[in-house]
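Undergrad: coords08.txt (compact mmCIF, C-alpha atoms) pasted underneath:
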```
# COMPACT_ATOMS: atom_id res chain seq x y z
CA MET A 1 62.49 121.30 -118.11
CA ASN A 2 60.17 121.69 -115.13
CA THR A 3 58.00 118.84 -113.91
CA PRO A 4 55.11 120.22 -111.81
CA HIS A 5 53.44 117.79 -109.41
CA GLN A 6 50.07 119.52 -109.33
CA PRO A 7 47.15 117.38 -110.60
CA LEU A 8 45.87 118.14 -114.07
CA THR A 9 42.42 117.45 -115.52
CA ILE A 10 41.75 117.68 -119.26
CA GLY A 11 38.24 117.54 -120.63
CA VAL A 12 37.32 115.99 -123.98
CA LEU A 13 34.12 117.14 -125.68
CA ALA A 14 32.08 113.93 -125.92
CA LEU A 15 29.16 114.82 -128.20
CA GLN A 16 30.38 112.69 -131.12
CA GLY A 17 33.64 111.51 -132.63
CA ALA A 18 36.97 110.22 -131.35
CA PHE A 19 36.77 111.46 -127.76
CA GLU A 20 37.71 108.13 -126.14
CA GLU A 21 40.82 107.87 -128.32
CA HIS A 22 41.95 111.28 -127.07
CA GLN A 23 41.34 110.21 -123.49
CA ARG A 24 43.47 107.11 -123.93
CA SER A 25 46.27 109.14 -125.53
CA ILE A 26 46.31 111.74 -122.76
CA GLU A 27 46.15 109.17 -119.97
CA SER A 28 48.95 107.15 -121.62
CA LEU A 29 51.36 110.03 -121.15
CA SER A 30 51.84 109.50 -117.42
CA PRO A 31 51.90 106.37 -115.25
CA HIS A 32 50.53 108.45 -112.37
CA GLN A 33 46.80 108.76 -113.02
CA HIS A 34 46.34 111.10 -110.07
CA HIS A 35 48.67 113.56 -111.85
CA LEU A 36 46.94 113.51 -115.23
CA ARG A 37 43.35 112.50 -115.85
CA THR A 38 40.56 113.15 -118.35
CA ILE A 39 36.80 113.59 -118.17
CA GLN A 40 34.13 113.62 -120.86
CA ILE A 41 32.39 116.97 -121.36
CA ARG A 42 28.69 117.03 -122.28
CA THR A 43 27.24 119.85 -120.15
CA PRO A 44 28.28 123.46 -119.44
CA SER A 45 28.79 122.84 -115.72
CA GLN A 46 31.52 120.27 -116.38
CA LEU A 47 33.78 122.94 -117.90
CA ALA A 48 34.40 124.37 -114.44
CA HIS A 49 36.32 121.22 -113.50
CA VAL A 50 38.91 121.08 -116.30
CA ASP A 51 42.23 122.84 -116.90
CA GLY A 52 42.03 122.41 -120.68
CA ILE A 53 39.72 120.90 -123.27
CA ILE A 54 40.06 118.91 -126.50
CA LEU A 55 37.46 119.15 -129.28
CA PRO A 56 37.93 115.83 -131.11
CA GLY A 57 37.66 114.78 -134.70
CA GLY A 58 34.39 113.37 -135.97
CA GLU A 59 31.55 115.05 -137.84
CA SER A 60 31.50 118.81 -137.36
CA THR A 61 27.91 119.13 -138.60
CA ALA A 62 26.66 116.53 -136.09
CA MET A 63 28.64 118.14 -133.28
CA GLY A 64 27.16 121.51 -134.15
CA LEU A 65 23.63 120.17 -134.15
CA ILE A 66 24.07 118.39 -130.82
CA GLY A 67 25.84 121.40 -129.33
CA ASP A 68 23.06 123.74 -130.42
CA ALA A 69 20.49 121.40 -128.88
CA THR A 70 22.34 121.23 -125.53
CA THR A 71 21.20 124.21 -123.50
CA GLY A 72 24.00 126.65 -122.87
CA LEU A 73 26.82 124.39 -124.07
CA TRP A 74 27.95 126.36 -127.12
CA GLU A 75 27.82 129.64 -125.21
CA ALA A 76 29.82 128.10 -122.37
CA LEU A 77 32.43 126.75 -124.80
CA ARG A 78 32.75 130.15 -126.47
CA SER A 79 33.31 131.74 -123.06
CA TYR A 80 35.82 129.04 -122.15
CA VAL A 81 37.85 129.63 -125.31
CA ALA A 82 37.61 133.42 -124.99
CA SER A 83 38.90 133.23 -121.41
CA GLY A 84 42.25 131.99 -122.71
CA LYS A 85 42.05 128.51 -121.24
CA PRO A 86 43.90 125.87 -123.30
CA THR A 87 41.77 124.43 -126.09
CA TRP A 88 42.77 121.97 -128.82
CA GLY A 89 40.65 121.19 -131.87
CA THR A 90 41.53 118.24 -134.10
CA CYS A 91 39.96 117.80 -137.57
CA ALA A 92 36.24 118.48 -136.94
CA GLY A 93 37.21 120.17 -133.69
CA MET A 94 39.43 122.50 -135.68
CA ILE A 95 36.46 123.42 -137.88
CA LEU A 96 34.46 124.31 -134.78
CA LEU A 97 37.20 126.67 -133.57
CA ALA A 98 37.59 128.41 -136.94
CA GLU A 99 36.27 131.93 -137.48
CA ARG A 100 35.59 131.21 -141.17
CA CYS A 101 34.60 128.01 -142.93
CA VAL A 102 33.80 127.08 -146.54
CA GLY A 103 32.41 123.85 -147.95
CA THR A 104 29.88 123.51 -145.14
CA SER A 105 27.15 120.87 -145.30
CA ALA A 106 24.34 121.46 -147.78
CA VAL A 107 21.74 119.98 -145.39
CA ILE A 108 22.25 122.66 -142.72
CA THR A 109 20.23 125.68 -143.80
CA LYS A 110 21.52 128.03 -141.08
CA GLY A 111 25.16 127.24 -141.70
CA GLN A 112 27.79 125.33 -139.77
CA SER A 113 27.59 126.04 -136.04
CA LEU A 114 31.00 127.37 -134.99
CA ILE A 115 32.51 128.14 -131.60
CA GLY A 116 35.22 130.35 -133.06
CA GLY A 117 38.31 131.77 -131.42
CA MET A 118 40.94 130.92 -134.03
CA ASP A 119 41.44 133.42 -136.85
CA ILE A 120 41.65 130.91 -139.70
CA LEU A 121 39.75 130.17 -142.91
CA VAL A 122 39.07 126.44 -143.14
CA CYS A 123 37.95 124.38 -146.14
CA ARG A 124 35.84 121.49 -144.89
CA ASN A 125 36.59 118.04 -146.42
CA TYR A 126 39.51 119.47 -148.40
CA PHE A 127 41.23 116.07 -148.59
CA GLY A 128 38.18 114.12 -149.76
CA SER A 129 35.61 111.64 -148.52
CA GLN A 130 35.87 108.90 -145.90
CA ILE A 131 37.18 106.37 -148.44
CA SER A 132 39.93 108.85 -149.38
CA SER A 133 41.44 108.74 -145.88
CA PHE A 134 45.22 108.46 -145.77
CA GLU A 135 48.36 108.98 -143.71
CA MET A 136 51.21 111.33 -144.60
CA ASN A 137 54.20 112.83 -142.87
CA THR A 138 53.57 116.21 -141.27
CA PRO A 139 55.91 118.56 -139.39
CA PRO A 140 56.55 117.54 -135.77
CA PRO A 141 55.04 119.52 -132.89
CA PRO A 142 57.25 121.76 -130.76
CA VAL A 143 58.80 120.17 -127.70
CA PRO A 144 56.62 120.86 -124.62
CA ALA A 145 58.05 123.36 -122.16
CA LEU A 146 56.57 121.55 -119.15
CA VAL A 147 55.69 117.91 -118.51
CA VAL A 148 53.87 115.98 -115.81
CA GLU A 149 55.80 113.65 -113.55
CA GLY A 150 56.79 110.46 -115.31
CA MET A 151 55.74 111.64 -118.78
CA VAL A 152 57.54 109.69 -121.47
CA LEU A 153 59.06 111.85 -124.21
CA GLU A 154 61.39 111.22 -127.12
CA GLU A 155 64.82 110.63 -125.64
CA ASP A 156 66.78 112.78 -128.09
CA GLU A 157 66.35 115.75 -130.39
CA GLU A 158 66.47 113.53 -133.47
CA GLY A 159 63.47 111.56 -132.24
CA ALA A 160 61.57 114.67 -131.24
CA GLY A 161 62.19 116.24 -134.64
CA LYS A 162 61.12 113.34 -136.83
CA PRO A 163 58.00 113.82 -138.99
CA PHE A 164 54.66 113.18 -137.33
CA PRO A 165 52.41 110.53 -138.96
CA GLY A 166 49.33 112.65 -139.75
CA VAL A 167 46.13 110.65 -140.26
CA PHE A 168 43.68 112.56 -142.49
CA ILE A 169 40.04 111.36 -142.40
CA ARG A 170 37.60 113.60 -144.31
CA ALA A 171 40.00 116.23 -143.14
CA PRO A 172 39.74 120.00 -143.48
CA ALA A 173 42.61 122.26 -144.52
CA ILE A 174 43.49 125.75 -143.34
CA LEU A 175 43.66 128.11 -146.32
CA THR A 176 44.65 131.32 -144.54
CA ALA A 177 45.63 132.32 -141.01
CA GLY A 178 45.48 135.70 -139.30
CA PRO A 179 48.60 137.70 -138.37
CA GLU A 180 48.48 136.62 -134.72
CA VAL A 181 48.25 132.93 -135.59
CA GLU A 182 51.47 130.89 -135.40
CA VAL A 183 51.70 128.33 -138.19
CA LEU A 184 53.10 125.06 -136.82
CA GLY A 185 52.82 122.90 -139.92
CA LYS A 186 52.09 122.88 -143.65
CA VAL A 187 51.63 120.13 -146.22
CA VAL A 188 51.34 120.10 -150.01
CA ALA A 189 48.13 118.38 -151.10
CA VAL A 190 45.66 118.28 -153.98
CA PRO A 191 42.10 119.28 -153.02
CA CYS A 192 39.40 116.75 -153.80
CA ARG A 193 37.16 117.63 -156.74
CA ALA A 194 34.36 119.03 -154.56
CA ALA A 195 36.80 121.15 -152.55
CA ALA A 196 38.44 122.46 -155.72
CA VAL A 197 35.08 123.74 -156.95
CA VAL A 198 34.50 125.38 -153.56
CA LEU A 199 37.87 127.11 -153.87
CA GLN A 200 36.99 128.33 -157.35
CA GLU A 201 33.75 129.88 -156.05
CA LEU A 202 35.56 131.28 -153.01
CA GLU A 203 38.06 133.08 -155.23
CA ARG A 204 35.22 134.51 -157.32
CA LYS A 205 33.56 135.90 -154.20
CA ILE A 206 36.79 137.39 -152.87
CA GLU A 207 37.54 139.03 -156.23
CA ALA A 208 34.01 140.51 -156.08
CA GLY A 209 34.84 142.08 -152.73
CA GLU A 210 32.72 139.79 -150.56
CA ASN A 211 33.72 139.13 -146.94
CA VAL A 212 33.24 135.37 -146.79
CA VAL A 213 32.59 134.00 -143.29
CA GLN A 214 30.73 130.84 -144.27
CA MET A 215 30.04 129.24 -147.62
CA GLY A 216 28.34 125.95 -148.37
CA VAL A 217 29.35 123.22 -150.77
CA VAL A 218 29.22 124.02 -154.48
CA ASP A 219 27.78 121.71 -157.13
CA ALA A 220 30.78 119.96 -158.72
CA LEU A 221 28.77 118.83 -161.76
CA GLU A 222 28.01 120.73 -164.94
CA ARG A 223 24.64 119.94 -166.48
CA LYS A 224 24.49 120.24 -170.27
CA ALA A 225 21.62 122.02 -171.97
CA GLY A 226 20.95 119.05 -174.23
CA GLY A 227 21.09 116.56 -171.38
CA GLY A 228 23.91 114.77 -169.66
CA VAL A 229 26.34 115.72 -166.92
CA SER A 230 30.06 116.40 -166.88
CA TYR A 231 32.44 116.96 -163.98
CA ALA A 232 33.49 120.55 -163.49
CA ASN A 233 37.22 120.55 -164.11
CA VAL A 234 39.13 122.92 -161.85
CA ARG A 235 42.67 121.75 -162.48
CA LEU A 236 45.00 124.29 -164.01
CA HIS A 237 46.77 123.64 -167.31
CA LYS A 238 49.76 125.51 -168.67
CA ASP A 239 48.67 124.71 -172.21
CA ALA A 240 44.93 124.42 -172.66
CA ASN A 241 45.47 122.88 -176.11
CA ASN A 242 47.73 120.12 -174.82
CA ILE A 243 45.55 118.14 -172.47
CA ASN A 244 45.95 114.52 -171.49
CA TYR A 245 42.51 112.93 -171.59
CA GLU A 246 43.87 109.48 -170.72
CA GLU A 247 43.42 110.18 -166.98
CA GLU A 248 39.64 110.46 -167.16
CA LYS A 249 38.15 108.08 -169.73
CA LYS A 250 34.70 107.75 -168.19
CA GLU A 251 31.14 108.19 -169.35
CA VAL A 252 31.36 111.93 -168.92
CA ASN A 253 33.18 114.59 -170.90
CA LEU A 254 35.52 116.88 -169.02
CA ILE A 255 35.53 120.60 -169.67
CA HIS A 256 39.09 121.94 -169.45
CA GLU A 257 39.67 125.56 -168.72
CA ARG A 258 42.40 127.64 -167.21
CA LEU A 259 41.63 129.36 -163.94
CA SER A 260 43.69 131.12 -161.33
CA ILE A 261 43.30 130.26 -157.65
CA ASP A 262 45.30 132.48 -155.35
CA LEU A 263 44.06 130.87 -152.14
CA PRO A 264 46.64 129.72 -151.29
CA GLY A 265 48.18 129.10 -154.73
CA ALA A 266 47.85 126.10 -157.01
CA SER A 267 50.18 124.10 -159.19
CA ASP A 268 49.45 124.47 -162.90
CA GLU A 269 49.59 120.73 -163.51
CA THR A 270 48.17 119.01 -160.44
CA ASN A 271 46.20 121.74 -158.63
CA ALA A 272 48.21 120.84 -155.53
CA ARG A 273 48.80 123.65 -153.08
CA GLU A 274 50.54 124.23 -149.80
CA VAL A 275 47.92 124.32 -147.05
CA ILE A 276 48.26 124.72 -143.31
CA CYS A 277 47.67 121.68 -141.10
CA ALA A 278 48.58 122.95 -137.61
CA VAL A 279 48.34 126.35 -135.90
CA ARG A 280 48.47 127.96 -132.48
CA LYS A 281 47.17 131.26 -131.19
CA GLY A 282 47.84 131.84 -127.50
CA ASN A 283 46.45 128.79 -125.74
CA ILE A 284 44.34 127.65 -128.70
CA LEU A 285 45.78 124.80 -130.75
CA CYS A 286 44.38 123.33 -133.99
CA THR A 287 45.44 120.34 -136.10
CA ALA A 288 43.75 119.21 -139.31
CA PHE A 289 44.66 115.56 -138.78
CA HIS A 290 43.94 112.95 -136.07
CA PRO A 291 46.88 112.65 -133.63
CA GLU A 292 44.79 110.42 -131.36
CA ILE A 293 44.80 107.66 -134.00
CA ALA A 294 48.55 107.73 -134.65
CA ASP A 295 50.88 105.63 -132.53
CA ASP A 296 52.66 108.81 -131.45
CA LEU A 297 51.90 110.95 -128.39
CA ARG A 298 53.98 114.04 -129.18
CA TRP A 299 51.05 116.34 -130.00
CA HIS A 300 49.24 115.25 -126.84
CA ALA A 301 52.40 115.89 -124.82
CA TYR A 302 52.67 119.35 -126.39
CA PHE A 303 49.07 120.20 -125.46
CA VAL A 304 49.58 118.95 -121.90
CA GLY A 305 52.57 121.30 -121.74
CA LEU A 306 50.32 124.22 -122.78
CA VAL A 307 47.83 123.30 -120.08
CA LEU A 308 50.55 123.06 -117.44
CA GLU A 309 51.96 126.45 -118.42
CA ALA A 310 48.54 128.08 -118.26
CA LYS A 311 47.77 126.53 -114.87
CA GLN A 312 51.14 127.53 -113.47
CA LYS A 313 50.65 131.16 -114.60
CA ALA A 314 47.18 131.26 -113.09
CA SER A 315 48.29 129.91 -109.70
```
Show this structure as structure tokens.

TA:
Amino acid sequence: MNTPHQPLTIGVLALQGAFEEHQRSIESLSPHQHHLRTIQIRTPSQLAHVDGIILPGGESTAMGLIGDATTGLWEALRSYVASGKPTWGTCAGMILLAERCVGTSAVITKGQSLIGGMDILVCRNYFGSQISSFEMNTPPPPVPALVVEGMVLEEDEEGAGKPFPGVFIRAPAILTAGPEVEVLGKVVAVPCRAAAVVLQELERKIEAGENVVQMGVVDALERKAGGGVSYANVRLHKDANNINYEEEKKEVNLIHERLSIDLPGASDETNAREVICAVRKGNILCTAFHPEIADDLRWHAYFVGLVLEAKQKAS
């Protein structure tokens, strides 16, 4: 494993979200700060001074609004990504890098502002609201090919291959990935009720032959003609006549119906499906979770390795 001594600077988009946490994680990788440092990115001109950039988790809608209001920033980021320079999007940052997104905010009339570059279809807030945040094991990242001097890595293969503690906070999920996209991790998870309704509408549009690039949230409530509201039920049932109503004894009546969701495939009983949580295409990396919050630096070490490889090839 090579250990280049050339200095490395990684930018972190600092419009909103967990940018400082990413900075601390990157800078914790090496005891030699002159070998590995970070800067906050808020203007287009700052991109000229970084070898790679991280788009952090946070609120993708807010980031899009701020980015659109910052003269030239979104265009500069699109050019940066298109140039092949290393870029990593986590959670909201992953949404920004997606080519297609469903479940976008209802308050943004022109649609979610995206940078693009990664051929993936993302479902925003797939895992639920802020109070539904959780941690679950996810596949480990690959071992970095290059490291900076003094970088601390797992000492053995067993440690490097252990599951990564993925922190999911209002997290998106990747539903589909293009043929040139390398899938680095998948998890099995149940979509929240709002996301399940979005998936139902998405399937309807695809079956109708529509090319869906962006789609907003869908009303998850069914309003009765005679008054009252019931939750739209989008969970599959093998036997529509054998339904357990004990789960949902609330003030609303649930409407149970069988439906078929092929994106990416749902369990008959729980509506759980296998979704993608980490991908790479060239020098673009995306993770649905928040590695900067976990007490584990392996994903940051992997990204630093990508940046080192790209810089070495360019020199």

Undergrad: For a test of reading the model, state the distance in Å between CA of Gly93 in chain A and CA of Leu13 in chain A, rounded to one decimal.

TA: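 CA of Leu13 in chain A lies 9.1 Å from CA of Gly93 in chain A.
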
Undergrad: Hey, what's within 9 Å of range 272-288 of chain A if we count only C-alpha atoms and toss same-chain stuff fewer than 2 positions away? As a VMD selection string, please?

TA: chain A and resid 57 81 84 to 95 97 to 98 117 to 120 138 to 139 141 166 to 168 171 to 177 180 to 191 235 263 to 270 290 to 291 303 306 to 307 310

Undergrad: Give the answer as one residue: which of A:Glu20, A:Glu149, A:Asp68, A:Glu309 has the shortest atom-to-atom distance to His35 in chain A, using all atoms listed in the file?

TA: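 Closest candidate: A:Glu149.
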
Undergrad: Provide the CA of Ala145 in chain A to CA of Ser25 in chain A distance in Å, to one decimal place.

TA: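 Calculated distance between CA of Ala145 in chain A and CA of Ser25 in chain A is 18.8 Å.
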
Undergrad: CA of Leu15 in chain A to CA of Ala314 in chain A: how many Å, to one decimal?

TA: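 It comes out at 28.7 Å.
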
Undergrad: Write out as an MDAnalysis selection string which residues come within 7 Å of Ile115 in chain A when counting all atoms listed in the file, dropping same-chain ones fewer than 6 positions away.

TA: chainID A and resid 74 77:78 96:97

Undergrad: Give me a file of those residues, with C-alpha atoms, as a PDB file, in the coordinates of the input.

TA:
```pdb
ATOM      1  CA  TRP A  74      27.950 126.360-127.120  1.00  0.00           C
ATOM      2  CA  LEU A  77      32.430 126.750-124.800  1.00  0.00           C
ATOM      3  CA  ARG A  78      32.750 130.150-126.470  1.00  0.00           C
ATOM      4  CA  LEU A  96      34.460 124.310-134.780  1.00  0.00           C
ATOM      5  CA  LEU A  97      37.200 126.670-133.570  1.00  0.00           C
TER       6      LEU A  97
END
```

Undergrad: A:Gly67, A:Gly178, A:Gly161, A:Pro140: which is nearest Leu121 in chain A, counting all atoms listed in the file?

TA: A:Gly178

Undergrad: May I have the residues within 10 Å of Ser30 in chain A as a PyMOL selection string, using only C-alpha atoms and disregarding those fewer than 5 positions away in the same chain?

TA: chain A and resi 25+35-37+147-152+301

Undergrad: Those residues with C-alpha atoms, as a PDB file, in the frame of the given file please?

TA:
```pdb
ATOM      1  CA  SER A  25      46.270 109.140-125.530  1.00  0.00           C
ATOM      2  CA  HIS A  35      48.670 113.560-111.850  1.00  0.00           C
ATOM      3  CA  LEU A  36      46.940 113.510-115.230  1.00  0.00           C
ATOM      4  CA  ARG A  37      43.350 112.500-115.850  1.00  0.00           C
ATOM      5  CA  VAL A 147      55.690 117.910-118.510  1.00  0.00           C
ATOM      6  CA  VAL A 148      53.870 115.980-115.810  1.00  0.00           C
ATOM      7  CA  GLU A 149      55.800 113.650-113.550  1.00  0.00           C
ATOM      8  CA  GLY A 150      56.790 110.460-115.310  1.00  0.00           C
ATOM      9  CA  MET A 151      55.740 111.640-118.780  1.00  0.00           C
ATOM     10  CA  VAL A 152      57.540 109.690-121.470  1.00  0.00           C
ATOM     11  CA  ALA A 301      52.400 115.890-124.820  1.00  0.00           C
TER      12      ALA A 301
END
```

Undergrad: For Arg193 in chain A, which residue out of A:Met215, A:Phe127, A:Ser133, A:Ile206 is the nearest one, using all atoms listed in the file?

TA: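 Ranked by minimum distance to Arg193 in chain A, first place goes to A:Phe127.
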
Undergrad: From the list A:Ala196, A:Leu8, A:Ala160, A:Ala69, which residue is nearest Pro142 in chain A when using only C-alpha atoms?

TA: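 Ranking A:Ala196, A:Leu8, A:Ala160, A:Ala69 by distance to Pro142 in chain A, first place goes to A:Ala160.
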
Undergrad: For Leu199 in chain A, please output as a PDB file with C-alpha atoms, in the coordinates of the input all residues within 9 Å (counting all atoms listed in the file; exclusion window: fewer than 3 positions along the same chain).

TA:
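Heads up, here's the output in result_2.pdb:
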```pdb
ATOM      1  CA  VAL A 102      33.800 127.080-146.540  1.00  0.00           C
ATOM      2  CA  GLY A 103      32.410 123.850-147.950  1.00  0.00           C
ATOM      3  CA  CYS A 123      37.950 124.380-146.140  1.00  0.00           C
ATOM      4  CA  PRO A 191      42.100 119.280-153.020  1.00  0.00           C
ATOM      5  CA  ALA A 194      34.360 119.030-154.560  1.00  0.00           C
ATOM      6  CA  ALA A 195      36.800 121.150-152.550  1.00  0.00           C
ATOM      7  CA  ALA A 196      38.440 122.460-155.720  1.00  0.00           C
ATOM      8  CA  LEU A 202      35.560 131.280-153.010  1.00  0.00           C
ATOM      9  CA  GLU A 203      38.060 133.080-155.230  1.00  0.00           C
ATOM     10  CA  ARG A 204      35.220 134.510-157.320  1.00  0.00           C
ATOM     11  CA  ILE A 261      43.300 130.260-157.650  1.00  0.00           C
ATOM     12  CA  LEU A 263      44.060 130.870-152.140  1.00  0.00           C
TER      13      LEU A 263
END
```
